[in-house]
Amino acid sequence: MSQLILIFPSTYSPKNMTKRILILLQLFVLVHSFSEKSYGQMESALTQFMFNKQTINPAYAGMWGKSGFFSLVRKQWAGINQTPVTQVFSFYTPIRTERVGVGLNVTVDRFGQEKKRGLSGDYAYEVALSPQTKLRLGMKCSMMSFKNSLTSLQLYDNTYDPAFGEDLELNLLPNIGIGGILYHENYYFSLSVPGMLRYDPGNNMNNFNVEMSAQTVYLDAGYLFRFLPGNFLMFKPTVMIACNRMFPLRYDLGINGLFRERLWLGVLLRSGRAVSFLTQWLIERKIRLGLAVDMNYHELFPGWNGTYEVAVGIDLDFRNQRNARVRYF
């Protein structure tokens, strides 16, 4: 098995910083050059992605100069049996001079008899373009397993179908992703491809999860408007676009309001005829409790009770991190 080893200078200087940037850019070009012959997975669509971009963009790891974790549970199409359930756990922390951040993500997706588990690690490095404008570049390395218990399904009239004669199971599938964030005190632009590799299902194509075969590009941006002195009232419009060659274009258009730096209230207009409402309560700027509800206005609407997300985030200060900043996006 071949290994890719990146060696970064241990001391900081403008020359060393330039070397790090060149290494990350070369890695970007190297991975992208193979993208026409490699394949990747599509990540679950989360409503509260703006509070934890780390799952789709590795450059977000340690961005705010804080250590902590974020956990989320999403139940889709409540009221319908065996609908998707997504669980996400993320850890993040800055290291060294806090220009470097690392993160860890654990994801579990269940949909009927399908089950996907993922584990990924993130590395991010920050470059100051000006005293107020920063650029972060990141790399994600991940492992994933996929299982579809086809033999446990009861077919119509007990007929035999060879396509359901054995379980489909893929273990320890490696993947790689890249991302970047350009941000200022009042705005940000994010671009990432969290999964760039794909795996051939072989002869079991009909029962293979097609989401594992898509390379998804995420473009995300937002701007913070401050209306009253002392950050008493702020509004943040956002847009997120997810595109790949196997699925229709997906987008979220949102507006979020922050009151007294304690309470977020927001609404998202989503592709696929859906609208989402979300809120997050900040307790002493260290604990974040979030709730989101998605409602679709299509033919399934009378038969289900919406999609729900519950999230909790905790920022830690065990290293007395002096460069910690308030998280606005």
# chains A, B, ... in the order shown; residues from 1 in each chain; ligands from 1
$ residues_around --residues "A:Phe232" --least-positions-apart "6" --cutoff "9 Å" --atoms "only C-alpha atoms" --output "PyMOL selection string"
chain A and resi 226+258-261
$ residues_around --residues "A:Gly272" --least-positions-apart "6" --cutoff "10 Å" --atoms "only C-alpha atoms" --output "PDB file with C-alpha atoms, in the first residue's frame"
ATOM      1  CA  PRO A 248     -29.762  17.808  -9.619  1.00  0.00           C
ATOM      2  CA  LEU A 249     -28.282  21.046  -8.295  1.00  0.00           C
ATOM      3  CA  ARG A 250     -29.061  21.510  -4.594  1.00  0.00           C
ATOM      4  CA  TYR A 251     -29.224  24.888  -2.887  1.00  0.00           C
ATOM      5  CA  ASN A 296     -41.724  19.832   2.456  1.00  0.00           C
ATOM      6  CA  TYR A 297     -44.681  21.018   0.402  1.00  0.00           C
ATOM      7  CA  HIS A 298     -45.109  18.128  -2.029  1.00  0.00           C
TER       8      HIS A 298
END
$ residues_around --residues "A:Phe225" --least-positions-apart "4" --cutoff "8 Å" --atoms "only C-alpha atoms" --output "number ranges by chain"
A: 186, 234-236
